[in-house]
$ cat run.tsv   # TSV, C-alpha atoms and all ligand atoms
chain	number	residue	atom	x	y	z
W	85	MET	CA	302.86	183.45	-74.10
W	86	ALA	CA	305.93	183.21	-76.28
W	87	ALA	CA	305.55	184.64	-79.76
W	88	SER	CA	306.87	181.41	-81.22
W	89	ARG	CA	303.67	179.58	-80.28
W	90	GLY	CA	300.20	179.77	-81.75
W	91	GLY	CA	299.52	181.43	-85.08
W	92	ALA	CA	303.03	182.72	-85.60
W	93	ALA	CA	304.52	179.26	-85.09
W	94	SER	CA	304.31	178.24	-88.73
W	95	VAL	CA	306.59	181.05	-89.84
W	96	GLN	CA	308.91	180.88	-86.84
W	97	ALA	CA	310.96	177.84	-87.75
W	98	MET	CA	314.22	177.05	-86.01
W	99	LYS	CA	317.15	178.33	-88.02
W	100	ARG	CA	320.27	177.12	-86.21
W	101	ILE	CA	320.07	173.41	-86.29
W	102	VAL	CA	322.18	170.30	-85.93
W	103	LEU	CA	321.01	167.08	-87.55
W	104	LEU	CA	322.24	164.03	-85.69
W	105	GLY	CA	322.03	160.48	-86.87
W	106	PRO	CA	324.07	157.40	-87.61
W	107	PRO	CA	325.55	156.65	-91.03
W	108	GLY	CA	322.60	155.46	-93.13
W	109	SER	CA	319.98	157.50	-91.29
W	110	GLY	CA	319.30	159.58	-94.42
W	111	LYS	CA	320.66	162.67	-92.69
W	112	GLY	CA	322.43	164.11	-95.74
W	113	THR	CA	319.39	163.83	-97.99
W	114	GLN	CA	317.15	165.27	-95.31
W	115	ALA	CA	319.53	168.16	-94.62
W	116	ALA	CA	319.45	169.21	-98.28
W	117	ARG	CA	315.65	169.01	-98.43
W	118	LEU	CA	315.12	170.91	-95.18
W	119	ALA	CA	317.62	173.61	-96.07
W	120	ALA	CA	315.68	174.46	-99.21
W	121	ASP	CA	312.50	174.65	-97.20
W	122	LEU	CA	313.88	176.64	-94.28
W	123	GLY	CA	315.98	179.01	-96.41
W	124	VAL	CA	319.26	178.22	-94.63
W	125	PRO	CA	322.35	176.47	-96.03
W	126	ALA	CA	322.89	172.76	-95.40
W	127	ILE	CA	326.46	172.47	-94.23
W	128	SER	CA	327.86	168.99	-94.63
W	129	THR	CA	331.36	168.66	-93.26
W	130	GLY	CA	331.70	165.31	-95.05
W	131	GLU	CA	330.96	167.03	-98.39
W	132	MET	CA	333.39	169.82	-97.60
W	133	LEU	CA	336.14	167.33	-96.86
W	134	ARG	CA	335.35	165.25	-99.96
W	135	SER	CA	335.63	168.42	-102.09
W	136	ALA	CA	338.97	169.21	-100.48
W	137	VAL	CA	340.19	165.69	-101.26
W	138	ALA	CA	338.97	165.95	-104.87
W	139	ALA	CA	340.65	169.34	-105.29
W	140	GLY	CA	343.89	168.06	-103.77
W	141	THR	CA	344.18	170.92	-101.27
W	142	PRO	CA	346.49	170.60	-98.25
W	143	LEU	CA	343.42	169.85	-96.10
W	144	GLY	CA	342.32	167.21	-98.59
W	145	ARG	CA	345.72	165.55	-98.56
W	146	THR	CA	345.69	165.47	-94.75
W	147	VAL	CA	342.25	163.90	-94.40
W	148	ALA	CA	342.01	161.50	-97.36
W	149	GLY	CA	343.46	158.46	-95.62
W	150	ILE	CA	341.48	159.03	-92.44
W	151	MET	CA	338.22	159.30	-94.37
W	152	ASN	CA	338.91	156.20	-96.41
W	153	ALA	CA	339.43	154.25	-93.21
W	154	GLY	CA	336.08	155.42	-91.83
W	155	ARG	CA	337.78	157.19	-88.94
W	156	LEU	CA	337.26	160.75	-87.71
W	157	VAL	CA	339.33	163.75	-88.69
W	158	ASP	CA	340.82	165.38	-85.57
W	159	ASP	CA	338.79	167.93	-83.63
W	160	ALA	CA	341.25	170.82	-84.16
W	161	THR	CA	341.16	170.46	-87.94
W	162	MET	CA	337.37	170.25	-87.88
W	163	ALA	CA	337.18	173.34	-85.66
W	164	ASP	CA	339.07	175.33	-88.33
W	165	VAL	CA	336.83	174.01	-91.11
W	166	VAL	CA	333.60	174.80	-89.28
W	167	THR	CA	334.69	178.17	-87.88
W	168	ALA	CA	335.51	179.37	-91.40
W	169	ARG	CA	332.29	178.00	-92.87
W	170	LEU	CA	330.02	179.49	-90.20
W	171	ALA	CA	331.67	182.88	-90.72
W	172	GLU	CA	330.48	183.01	-94.32
W	173	ASN	CA	327.65	185.33	-95.28
W	174	ASP	CA	325.07	182.72	-96.12
W	175	ALA	CA	325.30	181.20	-92.63
W	176	GLN	CA	324.52	184.42	-90.76
W	177	GLY	CA	320.77	183.87	-90.87
W	178	GLY	CA	321.00	180.24	-89.83
W	179	PHE	CA	322.33	176.85	-90.90
W	180	LEU	CA	321.63	173.19	-90.85
W	181	LEU	CA	324.70	171.26	-89.80
W	182	ASP	CA	325.01	167.73	-91.15
W	183	GLY	CA	327.94	165.73	-89.82
W	184	TYR	CA	329.17	168.23	-87.24
W	185	PRO	CA	329.54	167.96	-84.29
W	186	ARG	CA	330.58	164.31	-84.13
W	187	THR	CA	332.37	164.25	-80.77
W	188	LEU	CA	331.77	165.88	-77.38
W	189	PRO	CA	334.73	168.28	-77.82
W	190	GLN	CA	333.28	169.31	-81.20
W	191	ALA	CA	329.95	170.04	-79.52
W	192	GLU	CA	331.76	172.27	-77.02
W	193	THR	CA	333.61	173.99	-79.87
W	194	LEU	CA	330.39	174.62	-81.77
W	195	GLY	CA	328.92	176.26	-78.67
W	196	GLU	CA	331.98	178.50	-78.47
W	197	ILE	CA	331.89	179.46	-82.15
W	198	LEU	CA	328.25	180.45	-81.85
W	199	ALA	CA	328.76	182.30	-78.56
W	200	GLU	CA	331.50	184.28	-80.29
W	201	GLN	CA	328.93	185.27	-82.93
W	202	GLY	CA	326.40	186.13	-80.22
W	203	VAL	CA	323.98	183.39	-81.23
W	204	GLU	CA	322.93	179.96	-79.94
W	205	LEU	CA	321.96	176.61	-81.29
W	206	GLU	CA	318.16	176.39	-81.50
W	207	GLY	CA	317.62	172.70	-81.98
W	208	VAL	CA	319.23	169.31	-82.44
W	209	VAL	CA	317.21	166.67	-84.24
W	210	LEU	CA	318.14	163.01	-84.01
W	211	ILE	CA	317.04	160.80	-86.87
W	212	ASP	CA	316.68	157.51	-85.08
W	213	VAL	CA	317.10	154.24	-86.98
W	214	PRO	CA	317.50	150.72	-85.50
W	215	PRO	CA	321.05	149.29	-85.86
W	216	GLU	CA	320.02	146.30	-88.00
W	217	VAL	CA	318.39	148.63	-90.55
W	218	LEU	CA	321.55	150.74	-90.65
W	219	VAL	CA	323.77	147.82	-91.58
W	220	GLU	CA	321.38	146.84	-94.36
W	221	ARG	CA	321.18	150.42	-95.68
W	222	ALA	CA	324.93	150.94	-95.41
W	223	LEU	CA	325.59	147.90	-97.57
W	224	LEU	CA	323.05	149.11	-100.14
W	225	ARG	CA	324.50	152.59	-100.51
W	226	GLN	CA	328.08	151.36	-100.30
W	227	ARG	CA	330.46	153.67	-102.15
W	228	ALA	CA	332.79	152.03	-104.64
W	229	ASP	CA	335.78	152.12	-102.32
W	230	ASP	CA	333.93	151.20	-99.12
W	231	THR	CA	334.54	147.76	-97.78
W	232	ALA	CA	332.23	146.07	-95.27
W	233	GLU	CA	335.02	146.61	-92.78
W	234	VAL	CA	335.00	150.40	-93.33
W	235	ILE	CA	331.22	150.45	-92.96
W	236	ARG	CA	331.50	148.58	-89.66
W	237	GLU	CA	334.17	151.03	-88.55
W	238	ARG	CA	331.92	154.02	-89.34
W	239	LEU	CA	329.07	152.53	-87.33
W	240	ALA	CA	331.41	151.72	-84.44
W	241	VAL	CA	332.83	155.25	-84.49
W	242	TYR	CA	329.31	156.65	-84.40
W	243	ALA	CA	328.37	154.49	-81.40
W	244	ARG	CA	331.53	155.36	-79.51
W	245	GLU	CA	332.18	159.02	-80.40
W	246	THR	CA	328.95	160.54	-81.66
W	247	ALA	CA	326.12	158.80	-79.81
W	248	PRO	CA	327.16	160.51	-76.52
W	249	LEU	CA	325.99	163.77	-78.12
W	250	ILE	CA	322.40	162.55	-77.75
W	251	GLY	CA	322.61	162.78	-73.96
W	252	TYR	CA	324.67	165.97	-74.15
W	253	TYR	CA	322.00	167.82	-76.11
W	254	ARG	CA	319.12	166.18	-74.24
W	255	ASP	CA	320.58	167.51	-70.98
W	256	ARG	CA	320.57	170.99	-72.53
W	257	GLY	CA	316.93	170.73	-73.53
W	258	LEU	CA	317.76	170.92	-77.24
W	259	LEU	CA	317.10	167.38	-78.42
W	260	GLU	CA	314.18	166.32	-80.58
W	261	GLU	CA	313.89	162.75	-81.87
W	262	ILE	CA	312.41	161.60	-85.15
W	263	ASP	CA	311.67	158.01	-86.12
W	264	GLY	CA	313.89	157.54	-89.19
W	265	HIS	CA	312.65	154.07	-90.08
W	266	ARG	CA	310.07	155.41	-92.53
W	267	THR	CA	310.03	156.69	-96.09
W	268	MET	CA	312.19	159.72	-96.94
W	269	ASP	CA	309.06	161.84	-97.45
W	270	GLU	CA	307.60	160.86	-94.10
W	271	VAL	CA	310.85	161.68	-92.35
W	272	THR	CA	311.07	165.07	-94.11
W	273	ALA	CA	307.51	165.89	-93.02
W	274	ALA	CA	308.24	164.86	-89.43
W	275	LEU	CA	311.41	166.96	-89.36
W	276	LEU	CA	309.66	170.02	-90.73
W	277	ALA	CA	306.90	169.62	-88.17
W	278	VAL	CA	309.43	169.56	-85.34
W	279	LEU	CA	311.48	172.46	-86.67
W	280	ARG	CA	308.40	174.62	-87.14
W	281	SER	CA	306.80	173.91	-83.78
S	301	LIG	P1	329.98	162.07	-93.79
S	301	LIG	O1	329.74	162.40	-95.22
S	301	LIG	O2	329.32	163.03	-92.84
S	301	LIG	O3	329.68	160.64	-93.45
S	301	LIG	O4	331.56	162.26	-93.55
S	301	LIG	C1	332.49	161.51	-94.27
S	301	LIG	C2	333.80	161.41	-93.50
S	301	LIG	O5	334.36	162.72	-93.30
S	301	LIG	C3	333.68	160.83	-92.10
S	301	LIG	O6	333.68	159.41	-92.11
S	301	LIG	C4	334.92	161.42	-91.42
S	301	LIG	O7	336.09	160.73	-91.82
S	301	LIG	C5	334.96	162.81	-92.02
S	301	LIG	N1	334.19	163.79	-91.22
S	301	LIG	C6	333.08	164.48	-91.60
S	301	LIG	N2	332.64	165.27	-90.62
S	301	LIG	C7	333.48	165.08	-89.58
S	301	LIG	C8	333.55	165.59	-88.26
S	301	LIG	N3	332.65	166.46	-87.78
S	301	LIG	N4	334.57	165.15	-87.46
S	301	LIG	C9	335.50	164.28	-87.90
S	301	LIG	N5	335.47	163.74	-89.12
S	301	LIG	C10	334.48	164.14	-89.97
$ encode --input "run.tsv" --output "structure tokens" --more "lines below"
Ligand code: AMP
Amino acid sequence: MAASRGGAASVQAMKRIVLLGPPGSGKGTQAARLAADLGVPAISTGEMLRSAVAAGTPLGRTVAGIMNAGRLVDDATMADVVTARLAENDAQGGFLLDGYPRTLPQAETLGEILAEQGVELEGVVLIDVPPEVLVERALLRQRADDTAEVIRERLAVYARETAPLIGYYRDRGLLEEIDGHRTMDEVTAALLAVLRS
């Protein structure tokens, strides 16, 4: 029997994880909470890009308009961002990716980055929330410069570009699904249970 089952299971949590979920699924909040608990960094590509925009770096200047429109930054740029971040010291023992991958080519790239490091993804957890709840939540947490149109664009981009990752990771036996239409605390508990099983 595998050592990851039975008594040792509680200390053998997954450490290389992707959190998947539509805008408004609570993914960012959950990633931060789980990271603290699992002892791995939460890596949010959205946060990284927002910092670059705020700092006015060349990357920030390239992506600002795209982000404001609710569209996706190109895969090659994202590959550079994520390759550099996953090479940092704190990510060597594991990571929780929030917001990457977002397209099938990005999923392929992530596999390649990890293979290069001699490691593999251990789990992908989808925080599932019904579409009508997402629209409601998106309007509630609307950022100052977000219009309803940008919110609709983000949801459409998720459906078109990111949702195919669900099948991609399911086919590879990596997908776990969590009901995200619950309180934040309940979702955190459910995620921890899955990641520690
Ligand atoms: P987030 O905070 O994850 O919602 O990301 C905010 C914005 O950053 C997105 O709407 C995209 O414009 C951009 N972004 C973040 N991660 C990615 C990614 N993996 N691929 C392309 N664009 C991204």
$ residues_near_ligand --input "run.tsv" --ligand "ligand LIG 301 (chain S)" --cutoff "8 Å" --atoms "all atoms listed in the file" --output "PyMOL selection string"
chain W and resi 107+112+128-131+133-134+147+150-159+162+182-187+190+238
$ closest_residue --input "run.tsv" --among "W:Leu258, W:Ala163, W:Pro125, W:Gly264" --to "W:Gly177" --atoms "all atoms listed in the file"
W:Pro125
$ closest_residue --input "run.tsv" --among "W:Ala175, W:Ala199, W:Val165, W:Leu239" --to "W:Pro214" --atoms "all atoms listed in the file"
W:Leu239
$ closest_atom_pairs --input "run.tsv" --of "stretch 215-277 of chain W" --to "stretch 95-105 of chain W" --cutoff "9 Å" --atoms "only C-alpha atoms" --output "CSV"
residue,atom,partner,partner_atom,distance
W:Tyr242,CA,W:Gly105,CA,8.6
W:Thr246,CA,W:Leu104,CA,8.6
W:Ala247,CA,W:Gly105,CA,8.3
W:Leu249,CA,W:Leu104,CA,8.5
W:Ile250,CA,W:Leu104,CA,8.1
W:Gly264,CA,W:Gly105,CA,9.0
W:Leu276,CA,W:Ala97,CA,8.5
$ atom_distance --input "run.tsv" --atom1 "atom CA of W:Thr193" --atom2 "atom CA of W:Ala116"
23.7 Å
